[in-house]
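Enquirer: Would you mind keeping the following structure in view while I ask a few things?
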Amino acid sequence: MTARAADRARYDRATAHLDAPVAIVDLDAFDANADDMIRRAGGKPIRVASKSVRCRALLERVLGREGFAGIMSFTLAESLWLARSGFDDVLLAYPSTDRSGYAELTGDPKLAAAVTVMVDDPAQLRLIDDARAGGSEVVRVCLELDTSLKLLGGRVRVGARRSPLHSPAQVAEMARTVARRPGFRLVGIMAYEGHIAGVGDSLAGRPFRSRAVRLMQAAARKELAERRAEVVRAVRAVEPGLEFVNGGGTGSVQHTAAEDAVTEIGAGSGLYVPRLFDNYTSFSGRPAALFAQPVVRRPGVGVVTVLGGGYPASGAAGRDRLPVPYLPQGLRYDPQEGPGEVQTPLLGAPADDLLIGDKVWFRHAKAGELCERFDVLHLVAGDQVTATVPTYRGEGRTFL
């Protein structure tokens, strides 16, 4: 029996009492992935990205491990909720215009001490002040550095369009703006290198593109390491008490951790290892988060139909944003239909061995977005469900 066939047998036994659709997290794989991330971080703490987990119980599990410290959140409402739930170090990784949230933050000393907000524009500081509604607590601020690689005098850009702060001078000027404004304290710098950490460099059947990605990433790592060090020096000249410099992402943990200027790593997808993280030379993880759909029809030889399954991931539309049939191995989508809102035909020889009611296991393209489709995650150890825990959605929290 292959390892994948053994996993399928385990998951089927563990969930035999559960009707599909159902979502699981394999705790053995989850913990092994966490250990691998800690190893690659080389002693620097990992701040776990909550958007890649979206389950409080699993956030608590990973933060209970030596080597993980703090949360990187994705909305202000989520940040406040997590802080009220007992998480005392929450970095909001994206700017917010949530005025009611800022009023709550600035009016509560516990929240103000636990949550750090992201800014990259003086207008964001003004919006926070306008939203205070009498709240006088000092707001902890992090500046985001644009990590994109600019070539040919800026005419070619590689990387996400995030912060407008690219040069050391720009970041230092924003640091001075924060320092001059009462009610704010600059505590950190964040620089997420998505074009390095979030782009696979070993694409099946595409050797030339894979080599091009590796060459781009090598150049980007070198340029960013030099620029990030200059940025940190420039900002520390303004704020010597800077608490942290965050960088990284699942695909670049070991490279970013090697930079002296970086004090902590941000990562999260590597805990679940969704399908988009199969194509990396820098690490290899174990799929930990899966969902199952039930076989509801057998239209003919070599085809079954499962219920639903059309759960596309965010990003530029393409086949790589679709879930992938995973177990049993060898199933594929009908190219005329793909995964459907209510039903999904699957083709391949393994279909002939599936009966009505059997489970087909899928992997989502991205990590935490799977939790927006399920109220609970069943935690599997060995061939047993050891706990059932709510996702954000299951707790009535849909932040985006």
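Convention: chains lettered A, B, ... in structure tokens order; per-chain residue numbering from 1; ligands numbered from 1 as shown.
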Determine, counting only C-alpha atoms, which protein, DNA and RNA residues have an atom within 12 Å of an atom of region 172-186 of chain A; residues of the same chain fewer than 5 positions away are not included. Present the result as a ChimeraX atom specification.
Expert: /A:106-107,112-113,115-126,128-130,132,134-145,163-167,228,230-245
Enquirer: Got a sec: who's within 9 Å of region 27-36 of chain A, counting only C-alpha atoms, leaving out chain neighbours fewer than 2 positions off, as a ChimeraX atom specification?
Expert: /A:25,38-41,62,65,67-68,270-273,283-289,379-382
Enquirer: As a ChimeraX atom specification, please: all residues of region 35-233 of chain A that backbone DSSP puts in strand (DSSP E).
Expert: /A:46-49,68-73,90-92,115-119,139-144,149-151,156-158,184-192
Enquirer: Taking 6 positions as the minimum chain separation for residues in the same chain, which residues sit within 7 Å of Cys55 (chain A) when counting only C-alpha atoms? Answer as a PDB file with N, CA, C and O atoms, in the first residue's frame.
Expert:
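Produced file around-v6.pdb, reproduced below:
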```
ATOM      1  N   PRO A 390     -14.303  24.446  16.118  1.00  0.00           N
ATOM      2  CA  PRO A 390     -14.902  25.366  15.172  1.00  0.00           C
ATOM      3  C   PRO A 390     -13.867  26.155  14.379  1.00  0.00           C
ATOM      4  O   PRO A 390     -12.794  26.490  14.888  1.00  0.00           O
ATOM      5  N   THR A 391     -14.177  26.434  13.145  1.00  0.00           N
ATOM      6  CA  THR A 391     -13.419  27.398  12.355  1.00  0.00           C
ATOM      7  C   THR A 391     -13.890  28.796  12.729  1.00  0.00           C
ATOM      8  O   THR A 391     -14.821  28.970  13.532  1.00  0.00           O
ATOM      9  N   TYR A 392     -13.271  29.823  12.148  1.00  0.00           N
ATOM     10  CA  TYR A 392     -13.794  31.175  12.336  1.00  0.00           C
ATOM     11  C   TYR A 392     -15.276  31.219  11.960  1.00  0.00           C
ATOM     12  O   TYR A 392     -16.104  31.785  12.676  1.00  0.00           O
TER      13      TYR A 392
END
```
Enquirer: Please measure the separation of CA of Gly247 (chain A) and CA of Gln217 (chain A), giving the value in Å to one decimal.
Expert: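 Computing it gives 15.1 Å between the two atoms.
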Enquirer: Compile the contact shell of Val90 (chain A) as a CSV table (one decimal) with N, CA and C atoms, in the first residue's frame: residues with an atom at most 7 Å away, counting only C-alpha atoms, same-chain residues fewer than 2 positions apart removed.
Expert:
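Final file, selection_16.csv:
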```csv
chain,number,residue,atom,x,y,z
A,70,GLY,N,3.3,34.9,18.6
A,70,GLY,CA,2.6,36.0,18.1
A,70,GLY,C,1.8,35.6,16.8
A,71,ILE,N,0.8,36.4,16.5
A,71,ILE,CA,-0.1,36.2,15.4
A,71,ILE,C,0.0,37.4,14.4
A,72,MET,N,-0.1,37.0,13.2
A,72,MET,CA,-0.2,38.0,12.1
A,72,MET,C,-1.6,37.9,11.6
A,73,SER,N,-2.5,38.9,11.9
A,73,SER,CA,-3.9,38.9,11.5
A,73,SER,C,-4.2,39.6,10.2
A,79,SER,N,-8.4,41.1,14.7
A,79,SER,CA,-7.3,41.4,15.7
A,79,SER,C,-7.9,41.7,17.1
A,87,PHE,N,-5.2,36.3,23.1
A,87,PHE,CA,-3.9,36.4,22.4
A,87,PHE,C,-3.3,37.8,22.6
A,88,ASP,N,-2.1,37.8,23.1
A,88,ASP,CA,-1.6,39.1,23.6
A,88,ASP,C,-0.6,39.8,22.7
A,92,LEU,N,-1.5,43.3,13.0
A,92,LEU,CA,-2.5,43.4,11.9
A,92,LEU,C,-1.6,43.7,10.6
A,114,ALA,N,-2.1,44.9,23.1
A,114,ALA,CA,-2.0,43.6,22.4
A,114,ALA,C,-1.9,43.7,20.9
A,115,VAL,N,-2.4,44.8,20.3
A,115,VAL,CA,-2.6,44.9,18.8
A,115,VAL,C,-1.7,45.9,18.3
A,116,THR,N,-1.0,45.6,17.2
A,116,THR,CA,-0.2,46.5,16.4
A,116,THR,C,-0.8,46.7,15.0
```
Enquirer: Could you give me, as a PyMOL selection string, the residues within 12 Å of Arg319 (chain A), counting only C-alpha atoms and dropping anything in the same chain fewer than 4 positions from it?
Expert: chain A and resi 275-276+310-315+323-324+333+335+338-339+364-365
Enquirer: At a cut-off of 9 Å, using only C-alpha atoms, what residues contact region 154-160 of chain A? Leave out same-chain residues fewer than 3 positions from it and give the result as a ChimeraX atom specification.
Expert: /A:146-151,163,193-196,216,220
Enquirer: Go ahead and write the selection's residues with C-alpha atoms as a PDB file, in the first residue's frame.
Expert:
```pdb
ATOM      1  CA  ASP A 146       7.444  47.215  -0.404  1.00  0.00           C
ATOM      2  CA  THR A 147       9.568  44.179  -1.221  1.00  0.00           C
ATOM      3  CA  SER A 148       9.040  44.106  -4.984  1.00  0.00           C
ATOM      4  CA  LEU A 149      12.034  43.792  -7.284  1.00  0.00           C
ATOM      5  CA  LYS A 150      12.278  46.723  -9.698  1.00  0.00           C
ATOM      6  CA  LEU A 151      14.313  46.333 -12.851  1.00  0.00           C
ATOM      7  CA  SER A 163       3.073  49.371   0.301  1.00  0.00           C
ATOM      8  CA  GLU A 193       8.284  38.922  -0.004  1.00  0.00           C
ATOM      9  CA  GLY A 194       5.424  37.190  -1.787  1.00  0.00           C
ATOM     10  CA  HIS A 195       7.292  36.825  -5.089  1.00  0.00           C
ATOM     11  CA  ILE A 196       9.871  34.724  -3.223  1.00  0.00           C
ATOM     12  CA  MET A 216      14.354  35.770 -10.388  1.00  0.00           C
ATOM     13  CA  ALA A 220      15.215  39.262  -5.536  1.00  0.00           C
TER      14      ALA A 220
END
```
